[in-house]
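Everything below belongs to upload-v7.csv, which stores CSV, C-alpha atoms.
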chain,number,residue,atom,x,y,z
A,25,MET,CA,0.0,0.0,0.0
A,26,LYS,CA,1.7,3.2,-1.2
A,27,LEU,CA,1.1,5.7,1.6
A,28,GLY,CA,3.3,8.6,2.5
A,29,TYR,CA,5.3,8.0,5.7
A,30,LYS,CA,3.7,10.9,7.6
A,31,LEU,CA,0.3,9.8,6.5
A,32,LEU,CA,0.9,6.3,7.6
A,33,LEU,CA,2.0,7.6,11.1
A,34,SER,CA,-1.2,9.6,11.3
A,35,ILE,CA,-3.3,6.5,10.4
A,36,LEU,CA,-1.5,4.4,13.0
A,37,THR,CA,-2.0,7.1,15.6
A,38,LEU,CA,-5.7,7.3,14.8
A,39,THR,CA,-6.0,3.5,14.7
A,40,LEU,CA,-4.7,3.4,18.2
A,41,PHE,CA,-7.1,6.1,19.3
A,42,LEU,CA,-10.0,4.2,17.9
A,43,GLY,CA,-9.0,0.9,19.5
A,44,LEU,CA,-9.4,-1.0,16.2
A,45,THR,CA,-7.0,-3.8,16.8
A,46,THR,CA,-6.2,-6.2,19.6
A,47,THR,CA,-2.5,-6.1,18.7
A,48,ALA,CA,-2.0,-2.5,19.5
A,49,TRP,CA,-1.1,-0.9,22.8
A,50,ALA,CA,-2.3,2.6,23.6
A,51,ALA,CA,-2.7,5.1,26.4
A,52,ASP,CA,-5.1,4.4,29.3
A,53,SER,CA,-8.8,4.5,28.6
A,54,GLU,CA,-11.9,4.3,30.8
A,55,ALA,CA,-12.3,0.6,29.8
A,56,GLN,CA,-15.8,1.4,28.5
A,57,GLY,CA,-14.9,0.3,25.0
A,58,GLY,CA,-11.2,0.6,24.0
A,59,LEU,CA,-7.9,-0.3,25.5
A,60,LEU,CA,-6.7,-0.2,29.1
A,61,ARG,CA,-3.3,-0.9,30.5
A,62,GLY,CA,-2.3,-1.2,34.1
A,63,VAL,CA,-1.4,-3.5,37.0
A,64,VAL,CA,-3.8,-6.2,38.3
A,65,THR,CA,-4.6,-5.4,41.9
A,66,THR,CA,-7.5,-7.8,42.7
A,67,ILE,CA,-9.0,-11.0,41.2
A,68,ALA,CA,-12.4,-11.9,42.6
A,69,GLY,CA,-14.6,-14.5,40.9
A,70,ASP,CA,-15.0,-13.7,37.2
A,71,SER,CA,-13.7,-10.1,37.6
A,72,LEU,CA,-10.3,-8.4,37.8
A,73,THR,CA,-9.4,-5.0,39.0
A,74,VAL,CA,-6.7,-3.0,37.2
A,75,GLN,CA,-4.9,0.1,38.4
A,76,SER,CA,-4.1,2.4,35.5
A,77,ASN,CA,-2.5,5.9,35.5
A,78,ARG,CA,-6.0,7.4,35.7
A,79,ALA,CA,-8.0,5.2,38.0
A,80,GLU,CA,-8.7,1.8,39.4
A,81,VAL,CA,-11.1,-0.1,37.1
A,82,THR,CA,-12.9,-3.4,37.7
A,83,LEU,CA,-13.7,-5.5,34.6
A,84,LEU,CA,-15.9,-8.6,34.2
A,85,THR,CA,-14.8,-11.6,32.2
A,86,ASP,CA,-17.0,-14.3,30.5
A,87,ASP,CA,-16.6,-17.5,28.5
A,88,GLU,CA,-15.6,-15.4,25.4
A,89,THR,CA,-12.8,-13.5,27.1
A,90,THR,CA,-9.4,-14.6,25.7
A,91,PHE,CA,-6.2,-14.5,27.6
A,92,GLU,CA,-2.5,-14.4,26.6
A,93,VAL,CA,0.1,-15.3,29.1
A,94,PRO,CA,3.7,-15.9,27.9
A,95,GLY,CA,4.6,-19.6,28.3
A,96,ILE,CA,1.0,-20.8,28.9
A,97,LYS,CA,-1.1,-22.3,26.2
A,98,ASP,CA,-4.9,-21.8,26.3
A,99,ALA,CA,-4.5,-19.4,29.3
A,100,SER,CA,-7.4,-18.4,31.5
A,101,LEU,CA,-8.2,-16.0,34.3
A,102,ALA,CA,-6.7,-18.5,36.7
A,103,ASP,CA,-3.3,-17.8,35.1
A,104,ILE,CA,-3.5,-14.1,35.8
A,105,ALA,CA,-1.9,-13.0,39.1
A,106,THR,CA,-2.0,-9.8,41.1
A,107,GLY,CA,1.0,-7.6,40.2
A,108,ASP,CA,0.8,-8.6,36.5
A,109,PHE,CA,1.0,-5.8,34.0
A,110,VAL,CA,-1.8,-6.3,31.5
A,111,VAL,CA,-3.2,-4.7,28.4
A,112,ILE,CA,-6.9,-5.3,28.1
A,113,ARG,CA,-9.3,-4.8,25.1
A,114,ALA,CA,-12.6,-3.8,26.8
A,115,ALA,CA,-16.2,-3.6,25.6
A,116,ARG,CA,-19.3,-2.1,27.1
A,117,SER,CA,-21.9,-4.3,28.7
A,118,GLU,CA,-25.1,-3.7,30.8
A,119,ALA,CA,-23.2,-5.0,33.8
A,120,GLY,CA,-20.2,-2.8,33.3
A,121,PRO,CA,-16.8,-2.9,31.5
A,122,LEU,CA,-16.2,-6.4,30.0
A,123,ALA,CA,-12.7,-7.6,29.2
A,124,ARG,CA,-12.6,-9.1,25.7
A,125,HIS,CA,-8.9,-9.8,25.5
A,126,VAL,CA,-6.3,-9.8,28.3
A,127,SER,CA,-2.5,-9.9,27.5
A,128,VAL,CA,0.1,-10.1,30.2
A,129,ILE,CA,3.2,-8.0,29.4
A,130,PRO,CA,6.3,-9.2,31.3
A,131,ASP,CA,8.3,-6.3,32.8
A,132,GLY,CA,5.5,-3.9,31.8
A,133,SER,CA,5.1,-0.6,33.7
A,134,LEU,CA,2.7,2.3,34.1
A,135,LYS,CA,5.7,4.4,33.2
A,136,ASP,CA,6.0,2.7,29.8
A,137,ARG,CA,5.8,4.8,26.7
A,138,THR,CA,4.5,3.9,23.3
A,139,MET,CA,6.4,4.7,20.1
A,140,ARG,CA,5.3,4.2,16.5
A,141,GLY,CA,7.2,3.9,13.3
A,142,ILE,CA,8.6,1.8,10.4
A,143,ILE,CA,11.3,-0.8,10.8
A,144,SER,CA,14.3,0.3,8.7
A,145,ALA,CA,16.8,-2.4,9.8
A,146,VAL,CA,16.9,-5.5,11.9
A,147,ASP,CA,20.0,-6.8,13.7
A,148,GLY,CA,19.4,-9.8,15.9
A,149,ALA,CA,17.4,-8.8,19.0
A,150,LYS,CA,17.4,-5.1,18.1
A,151,PHE,CA,16.1,-3.1,15.2
A,152,GLN,CA,16.1,0.5,13.9
A,153,LEU,CA,12.8,2.3,14.0
A,154,ARG,CA,12.1,5.3,11.7
A,155,THR,CA,9.8,7.7,13.6
A,156,ARG,CA,8.7,11.3,13.2
A,157,ARG,CA,11.6,12.4,15.3
A,158,GLY,CA,14.3,10.3,13.5
A,159,GLN,CA,15.9,6.9,13.9
A,160,VAL,CA,15.6,5.1,17.2
A,161,THR,CA,17.3,1.9,18.3
A,162,VAL,CA,14.9,-0.6,19.8
A,163,ASN,CA,16.2,-3.4,22.1
A,164,THR,CA,14.3,-6.5,22.7
A,165,ASN,CA,15.0,-9.5,25.0
A,166,GLU,CA,13.6,-12.9,26.0
A,167,ASN,CA,10.8,-11.2,27.9
A,168,THR,CA,9.6,-9.0,25.1
A,169,VAL,CA,6.1,-9.9,23.8
A,170,PHE,CA,5.7,-9.9,20.0
A,171,ARG,CA,2.4,-9.7,18.2
A,172,ILE,CA,2.7,-10.4,14.4
A,173,PRO,CA,-0.4,-11.3,12.3
A,174,LYS,CA,-0.5,-15.0,11.4
A,175,VAL,CA,2.7,-15.8,13.3
A,176,GLU,CA,2.3,-17.9,16.4
A,177,GLU,CA,4.9,-17.5,19.2
A,178,ALA,CA,6.5,-14.6,17.3
A,179,THR,CA,10.0,-13.5,18.2
A,180,ALA,CA,12.4,-10.8,17.0
A,181,ALA,CA,13.5,-13.1,14.2
A,182,ASP,CA,10.1,-12.6,12.6
A,183,LEU,CA,10.5,-8.9,12.2
A,184,GLU,CA,11.3,-7.5,8.8
A,185,GLU,CA,12.2,-4.2,7.2
A,186,LYS,CA,9.3,-1.9,6.3
A,187,MET,CA,7.0,-3.4,8.9
A,188,PRO,CA,4.8,-0.7,10.6
A,189,VAL,CA,5.0,-1.3,14.3
A,190,ILE,CA,4.1,0.0,17.7
A,191,VAL,CA,6.4,-0.6,20.6
A,192,MET,CA,5.8,-0.2,24.3
A,193,GLY,CA,8.6,0.0,26.9
A,194,GLN,CA,11.1,2.4,28.4
A,195,TYR,CA,13.1,5.0,26.6
A,196,GLU,CA,16.7,5.5,27.9
A,197,GLN,CA,17.4,9.2,27.2
A,198,GLU,CA,21.1,9.1,27.9
A,199,GLU,CA,21.7,6.0,25.7
A,200,GLN,CA,19.0,7.1,23.2
A,201,VAL,CA,17.6,3.5,23.0
A,202,PHE,CA,14.1,2.1,23.5
A,203,ASN,CA,13.9,-1.1,25.6
A,204,ALA,CA,10.8,-2.8,24.4
A,205,SER,CA,8.5,-4.9,26.6
A,206,ALA,CA,6.1,-5.4,23.7
A,207,VAL,CA,6.2,-5.0,19.9
A,208,ALA,CA,3.1,-5.1,17.7
A,209,VAL,CA,3.0,-5.2,13.9
A,210,ILE,CA,0.0,-3.3,12.4
A,211,PRO,CA,-1.3,-5.2,9.3
A,212,ALA,CA,-2.2,-3.1,6.3
A,213,LYS,CA,-5.6,-4.8,6.1
A,214,ILE,CA,-6.6,-3.2,9.4
A,215,VAL,CA,-5.7,0.3,8.0
A,216,LYS,CA,-7.7,-0.4,4.8
A,217,ARG,CA,-10.7,-1.7,6.6
A,218,HIS,CA,-11.0,1.3,8.9
A,219,MET,CA,-9.8,4.1,6.6
A,220,VAL,CA,-11.3,6.0,3.7
A,221,ARG,CA,-9.3,8.5,1.7
A,222,GLY,CA,-10.5,10.7,-1.1
A,223,LYS,CA,-11.6,14.0,-2.4
A,224,LEU,CA,-14.8,15.5,-0.9
A,225,SER,CA,-17.3,15.8,-3.8
A,226,ALA,CA,-20.5,16.6,-1.8
A,227,ILE,CA,-21.9,17.1,1.6
A,228,GLU,CA,-25.5,15.7,2.1
A,229,GLY,CA,-26.6,16.6,5.6
A,230,ASP,CA,-24.4,14.5,7.9
A,231,THR,CA,-23.1,12.4,5.0
A,232,LEU,CA,-19.8,13.1,3.2
A,233,VAL,CA,-19.5,11.9,-0.4
A,234,LEU,CA,-15.9,11.1,-1.3
A,235,THR,CA,-14.4,10.3,-4.6
A,236,THR,CA,-11.7,7.6,-4.2
A,237,GLY,CA,-9.3,5.8,-6.4
A,238,ARG,CA,-6.8,7.1,-8.9
A,239,GLU,CA,-7.3,5.2,-12.2
A,240,THR,CA,-10.9,4.4,-11.6
A,241,GLU,CA,-12.9,6.9,-9.6
A,242,GLN,CA,-15.3,5.4,-7.1
A,243,GLU,CA,-17.8,6.9,-4.7
A,244,GLN,CA,-17.7,6.3,-1.0
A,245,ARG,CA,-20.3,7.7,1.4
A,246,VAL,CA,-19.1,8.5,4.9
A,247,GLN,CA,-21.6,8.9,7.7
A,248,THR,CA,-20.8,11.4,10.5
A,249,THR,CA,-22.5,11.8,13.9
A,250,ASP,CA,-22.4,14.2,16.8
A,251,GLU,CA,-19.5,12.1,18.2
A,252,THR,CA,-17.3,12.4,15.0
A,253,THR,CA,-14.3,14.6,15.5
A,254,PHE,CA,-13.1,17.0,12.7
A,255,ARG,CA,-9.6,18.3,12.1
A,256,VAL,CA,-9.2,21.1,9.6
A,257,PRO,CA,-5.8,22.9,9.4
A,258,GLY,CA,-6.0,26.4,11.0
A,259,ILE,CA,-9.4,25.8,12.6
A,260,GLU,CA,-10.0,25.0,16.2
A,261,ASN,CA,-13.0,22.9,17.2
A,262,ALA,CA,-13.8,22.3,13.6
A,263,THR,CA,-17.2,20.9,12.5
A,264,ILE,CA,-18.6,19.5,9.3
A,265,ASP,CA,-19.5,23.1,8.3
A,266,ASP,CA,-15.8,23.8,8.0
A,267,LEU,CA,-15.3,21.3,5.2
A,268,SER,CA,-15.4,22.4,1.5
A,269,GLU,CA,-15.9,20.5,-1.7
A,270,GLY,CA,-12.5,19.5,-3.2
A,271,ASP,CA,-10.9,19.0,0.3
A,272,PRO,CA,-8.7,15.9,0.5
A,273,ILE,CA,-10.2,13.9,3.3
A,274,LEU,CA,-8.9,11.1,5.5
A,275,ALA,CA,-11.7,9.4,7.5
A,276,LEU,CA,-11.2,6.8,10.2
A,277,GLY,CA,-14.0,4.6,11.5
A,278,ARG,CA,-15.7,1.3,10.6
A,279,LYS,CA,-17.4,-0.3,7.6
A,280,ASP,CA,-20.5,-2.4,8.2
A,281,GLU,CA,-21.5,-5.5,6.3
A,282,ASN,CA,-23.2,-3.4,3.7
A,283,GLY,CA,-20.0,-1.3,3.0
A,284,GLU,CA,-21.5,1.8,4.8
A,285,PHE,CA,-18.7,3.7,6.6
A,286,ALA,CA,-19.3,5.4,10.0
A,287,ALA,CA,-16.6,7.9,10.8
A,288,LYS,CA,-15.1,8.4,14.2
A,289,SER,CA,-12.6,11.0,12.9
A,290,VAL,CA,-12.5,13.1,9.7
A,291,ALA,CA,-9.3,15.1,8.8
A,292,VAL,CA,-8.5,17.4,6.0
A,293,ILE,CA,-5.1,16.5,4.7
A,294,ARG,CA,-3.1,19.5,3.4
A,295,ARG,CA,0.0,18.6,1.5
A,296,ARG,CA,3.0,20.8,1.9
A,297,PRO,CA,4.1,22.3,-1.4
A,298,ARG,CA,7.4,20.9,-2.7
A,299,ARG,CA,10.3,23.3,-2.1
A,300,VAL,CA,12.0,24.7,-5.2
A,301,ILE,CA,15.4,26.4,-5.4
A,302,VAL,CA,16.6,28.4,-8.4
A,303,ARG,CA,19.5,30.7,-9.2
A,304,GLY,CA,19.8,33.2,-12.0
A,305,GLU,CA,20.0,36.7,-13.3
A,306,VAL,CA,17.2,39.2,-12.7
A,307,THR,CA,15.8,40.4,-16.0
A,308,ALA,CA,12.8,42.4,-14.8
A,309,VAL,CA,11.4,43.8,-11.5
A,310,SER,CA,7.9,45.0,-10.7
A,311,ASP,CA,6.0,45.9,-7.5
A,312,ASP,CA,5.2,42.3,-6.6
A,313,SER,CA,7.3,40.1,-8.9
A,314,LEU,CA,10.5,39.7,-10.7
A,315,ARG,CA,11.7,37.6,-13.7
A,316,LEU,CA,14.8,35.4,-13.5
A,317,LYS,CA,16.9,34.0,-16.3
A,318,THR,CA,18.2,30.6,-15.5
A,319,ASP,CA,20.3,28.1,-17.5
A,320,ARG,CA,18.2,25.0,-16.9
A,321,GLN,CA,14.7,26.4,-16.6
A,322,GLY,CA,14.8,29.4,-18.9
A,323,GLU,CA,12.8,32.4,-17.8
A,324,VAL,CA,11.1,32.0,-14.4
A,325,GLN,CA,8.4,34.3,-13.0
A,326,ILE,CA,9.0,35.0,-9.3
A,327,ILE,CA,6.0,36.1,-7.1
A,328,ILE,CA,6.8,38.3,-4.1
A,329,THR,CA,4.4,38.3,-1.1
A,330,GLU,CA,4.4,40.0,2.3
A,331,ASN,CA,6.0,36.8,3.7
A,332,THR,CA,9.0,36.8,1.3
A,333,ARG,CA,12.3,37.4,3.2
A,334,PHE,CA,15.3,39.0,1.6
A,335,ARG,CA,19.0,38.6,2.4
A,336,ILE,CA,21.5,41.0,0.8
A,337,PRO,CA,25.1,41.3,2.1
A,338,GLY,CA,25.7,44.6,3.8
A,339,VAL,CA,22.1,45.8,3.7
A,340,GLN,CA,20.0,46.0,6.9
A,341,ASP,CA,16.3,45.3,6.5
A,342,PRO,CA,16.6,44.5,2.8
A,343,GLY,CA,13.5,44.4,0.5
A,344,LEU,CA,12.5,44.2,-3.1
A,345,ASP,CA,13.7,47.8,-3.7
A,346,ASP,CA,17.2,46.5,-3.2
A,347,ILE,CA,17.0,44.1,-6.1
A,348,THR,CA,17.8,45.5,-9.6
A,349,VAL,CA,18.0,44.1,-13.1
A,350,GLY,CA,21.3,42.3,-13.6
A,351,ASP,CA,21.6,41.1,-10.0
A,352,ARG,CA,22.3,37.4,-9.5
A,353,VAL,CA,20.0,36.0,-6.9
A,354,GLY,CA,19.0,32.7,-5.3
A,355,VAL,CA,15.3,32.0,-4.7
A,356,VAL,CA,13.6,29.5,-2.4
A,357,GLY,CA,9.9,28.9,-2.7
A,358,HIS,CA,7.1,26.7,-4.2
A,359,LYS,CA,5.2,26.6,-7.4
A,360,ASP,CA,1.6,27.9,-7.6
A,361,ASP,CA,-1.2,26.5,-9.7
A,362,LYS,CA,0.0,28.6,-12.7
A,363,GLY,CA,3.6,27.3,-12.5
A,364,ASN,CA,4.9,30.6,-11.0
A,365,LEU,CA,7.5,30.4,-8.2
A,366,VAL,CA,6.1,31.9,-5.0
A,367,ALA,CA,9.2,33.1,-3.1
A,368,THR,CA,9.6,32.5,0.6
A,369,GLY,CA,13.2,33.7,0.5
A,370,ILE,CA,15.5,35.7,-1.9
A,371,GLY,CA,19.2,36.2,-1.5
A,372,LYS,CA,21.5,38.3,-3.6
A,373,LEU,CA,24.5,36.2,-4.7
A,374,ARG,CA,28.1,37.5,-4.7
A,375,PRO,CA,29.7,37.4,-8.2
A,376,GLN,CA,31.7,34.3,-7.4
A,377,GLN,CA,28.7,32.3,-6.0
A,378,GLY,CA,27.2,29.5,-8.0
A,379,SER,CA,26.3,29.4,-11.6
A,380,ASN,CA,22.9,29.6,-13.4
A,381,ASN,CA,20.4,26.9,-12.8
What would the structure in this file look like if it were written as structure tokens?
Amino acid sequence: MKLGYKLLLSILTLTLFLGLTTTAWAADSEAQGGLLRGVVTTIAGDSLTVQSNRAEVTLLTDDETTFEVPGIKDASLADIATGDFVVIRAARSEAGPLARHVSVIPDGSLKDRTMRGIISAVDGAKFQLRTRRGQVTVNTNENTVFRIPKVEEATAADLEEKMPVIVMGQYEQEEQVFNASAVAVIPAKIVKRHMVRGKLSAIEGDTLVLTTGRETEQEQRVQTTDETTFRVPGIENATIDDLSEGDPILALGRKDENGEFAAKSVAVIRRRPRRVIVRGEVTAVSDDSLRLKTDRQGEVQIIITENTRFRIPGVQDPGLDDITVGDRVGVVGHKDDKGNLVATGIGKLRPQQGSNN
């Protein structure tokens, strides 16, 4: 699935938030439908009480509750002990929070952090994780729990490059390494099942109509509710009224058996324009633009805005008035819809600097 790295991270983050997979570990929840992590403090009958960072929560279990305890096959509630660190997928029930899946994480801690990224290299029991903040070395050991789709009793040997993963554990700031108590691989099918991406073609009441697909355009209807959250760049507490036709949309939620999609979250994805750098000789100057003669791109129209910054050696507070025909300049900016270069920065080059581009 060809997705930009930042977009994939956003999807993984929202996937965790929605609690869409049993293999993901997330921050504490109220256990009313989602994920809860904490330390088991009490086991009584068919219930267990867990102390999380936020509160102490008692959850029921039933015959459909599944348990995972390292080293124990077909584990049950009897194999859970007080003091165990657990991650629980919970659901709502009339009697209260119901544990659907309970995983014991050896060496887990309420101080554990979660980190998301893409595996870029694997070296034995450690691997390199590419995250939003750069490369991080992740160490695993014999107590680390691995969750990899379709792999039973997974180990570090089952990890591969390009796998999107979520790790839970302790980050050692001084050594700049992450010691993982749990590693979960997020399968692409989960992302596909719970994501719709496309261009907003219409808004019909509470329903968004998206045009999806590249080669063959298809229509996907996305239902929103009062609980749907909206994220629109530059708008706080956005609502459906802040969406506009043509917006690129990423919706996270669930599809039912009829293919109808109910959105938990809707985000407008703004792509940053690609940065362009050119150098050349100024051939014309006007109030809000200049023309530049380059070797490789020919004549280039440069658009000047109030945000354009100038740098001219020896000139304080330089501006467009300090640029004249014949000057050699370097321009940094991005292309607009008409192919003009909108300048974010312009610097006058010394005679010996560079050559025409």
Would you pick out the contacts of region 286-290 of chain A at 8 Å or less, using all atoms listed in the file, so that residues sharing its chain but fewer than 4 positions from it are not included, and give the list as a list in words?
Leu42, Val246, Gln247, Thr248, Thr249, Glu251, Thr252, Thr253, Phe254, Arg255, Ile273, Leu274, Ala275, Leu276, Gly277, Arg278 and Lys279 of chain A
From the set A:Ile259, A:Ala208, A:Met139, A:Leu224, which residue has the shortest atom-to-atom contact distance to Met187 (chain A), counting all atoms listed in the file?
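Selected residue with least distance to Met187 (chain A): A:Ala208.
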Mind listing as a list in words all residues within 9 Å of (14.7, 35.1, -11.1), counting only C-alpha atoms?
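I get Val302, Arg303, Gly304, Glu305, Val306, Thr307, Ala308, Leu314, Arg315, Leu316, Lys317, Thr318, Glu323, Val324, Gln325, Ile326, Arg352, Val353, Gly354 and Val355 of chain A for the residues within 9 Å of that point.
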Take the residues from that selection and put them in a file with C-alpha atoms, as a PDB file, in the frame of the given file.
ATOM      1  CA  VAL A 302      16.600  28.400  -8.400  1.00  0.00           C
ATOM      2  CA  ARG A 303      19.500  30.700  -9.200  1.00  0.00           C
ATOM      3  CA  GLY A 304      19.800  33.200 -12.000  1.00  0.00           C
ATOM      4  CA  GLU A 305      20.000  36.700 -13.300  1.00  0.00           C
ATOM      5  CA  VAL A 306      17.200  39.200 -12.700  1.00  0.00           C
ATOM      6  CA  THR A 307      15.800  40.400 -16.000  1.00  0.00           C
ATOM      7  CA  ALA A 308      12.800  42.400 -14.800  1.00  0.00           C
ATOM      8  CA  LEU A 314      10.500  39.700 -10.700  1.00  0.00           C
ATOM      9  CA  ARG A 315      11.700  37.600 -13.700  1.00  0.00           C
ATOM     10  CA  LEU A 316      14.800  35.400 -13.500  1.00  0.00           C
ATOM     11  CA  LYS A 317      16.900  34.000 -16.300  1.00  0.00           C
ATOM     12  CA  THR A 318      18.200  30.600 -15.500  1.00  0.00           C
ATOM     13  CA  GLU A 323      12.800  32.400 -17.800  1.00  0.00           C
ATOM     14  CA  VAL A 324      11.100  32.000 -14.400  1.00  0.00           C
ATOM     15  CA  GLN A 325       8.400  34.300 -13.000  1.00  0.00           C
ATOM     16  CA  ILE A 326       9.000  35.000  -9.300  1.00  0.00           C
ATOM     17  CA  ARG A 352      22.300  37.400  -9.500  1.00  0.00           C
ATOM     18  CA  VAL A 353      20.000  36.000  -6.900  1.00  0.00           C
ATOM     19  CA  GLY A 354      19.000  32.700  -5.300  1.00  0.00           C
ATOM     20  CA  VAL A 355      15.300  32.000  -4.700  1.00  0.00           C
TER      21      VAL A 355
END
Check the smallest atom-to-atom distance from each of A:Asp346, A:Asp312, A:Asp98, A:Glu92 to Ile112 (chain A) using only C-alpha atoms, then report the winner.
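The closest residue to Ile112 (chain A) is A:Glu92.
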Between CA of Gly222 (chain A) and CA of Thr236 (chain A), what is the distance in Å, rounded to a tenth?
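Calculated distance between CA of Gly222 (chain A) and CA of Thr236 (chain A) is 4.5 Å.
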Out of A:Gly343, A:Pro257, A:Pro188, A:Pro121, which residue has the shortest atom-to-atom distance to Ile143 (chain A) when counting all atoms listed in the file?
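Ranking A:Gly343, A:Pro257, A:Pro188, A:Pro121 by distance to Ile143 (chain A), first place goes to A:Pro188.
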Using only C-alpha atoms, collect all residues at a distance of at most 12 Å from (-4.4, -8.0, 29.6) as written in the file, then present them as number ranges by chain.
A: 46-49, 55, 59-64, 72-76, 83, 85, 89-94, 99-101, 103-114, 122-130, 132
What does the structure give for the distance between CA of Met219 (chain A) and CA of Gln242 (chain A), in Å to one decimal?
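One can read the CA of Met219 (chain A) to CA of Gln242 (chain A) distance as 14.8 Å.
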In Å, how far is it from CA of Lys150 (chain A) to CA of Ser133 (chain A)?
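Going from CA of Lys150 (chain A) over to CA of Ser133 (chain A), I get 20.4 Å.
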Calculated over only C-alpha atoms, which of the candidates A:Arg154, A:Ile301, A:Ser205, A:Asp147 has the smallest distance to Glu166 (chain A)?
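Using only C-alpha atoms, Glu166 (chain A) sits closest to A:Ser205.
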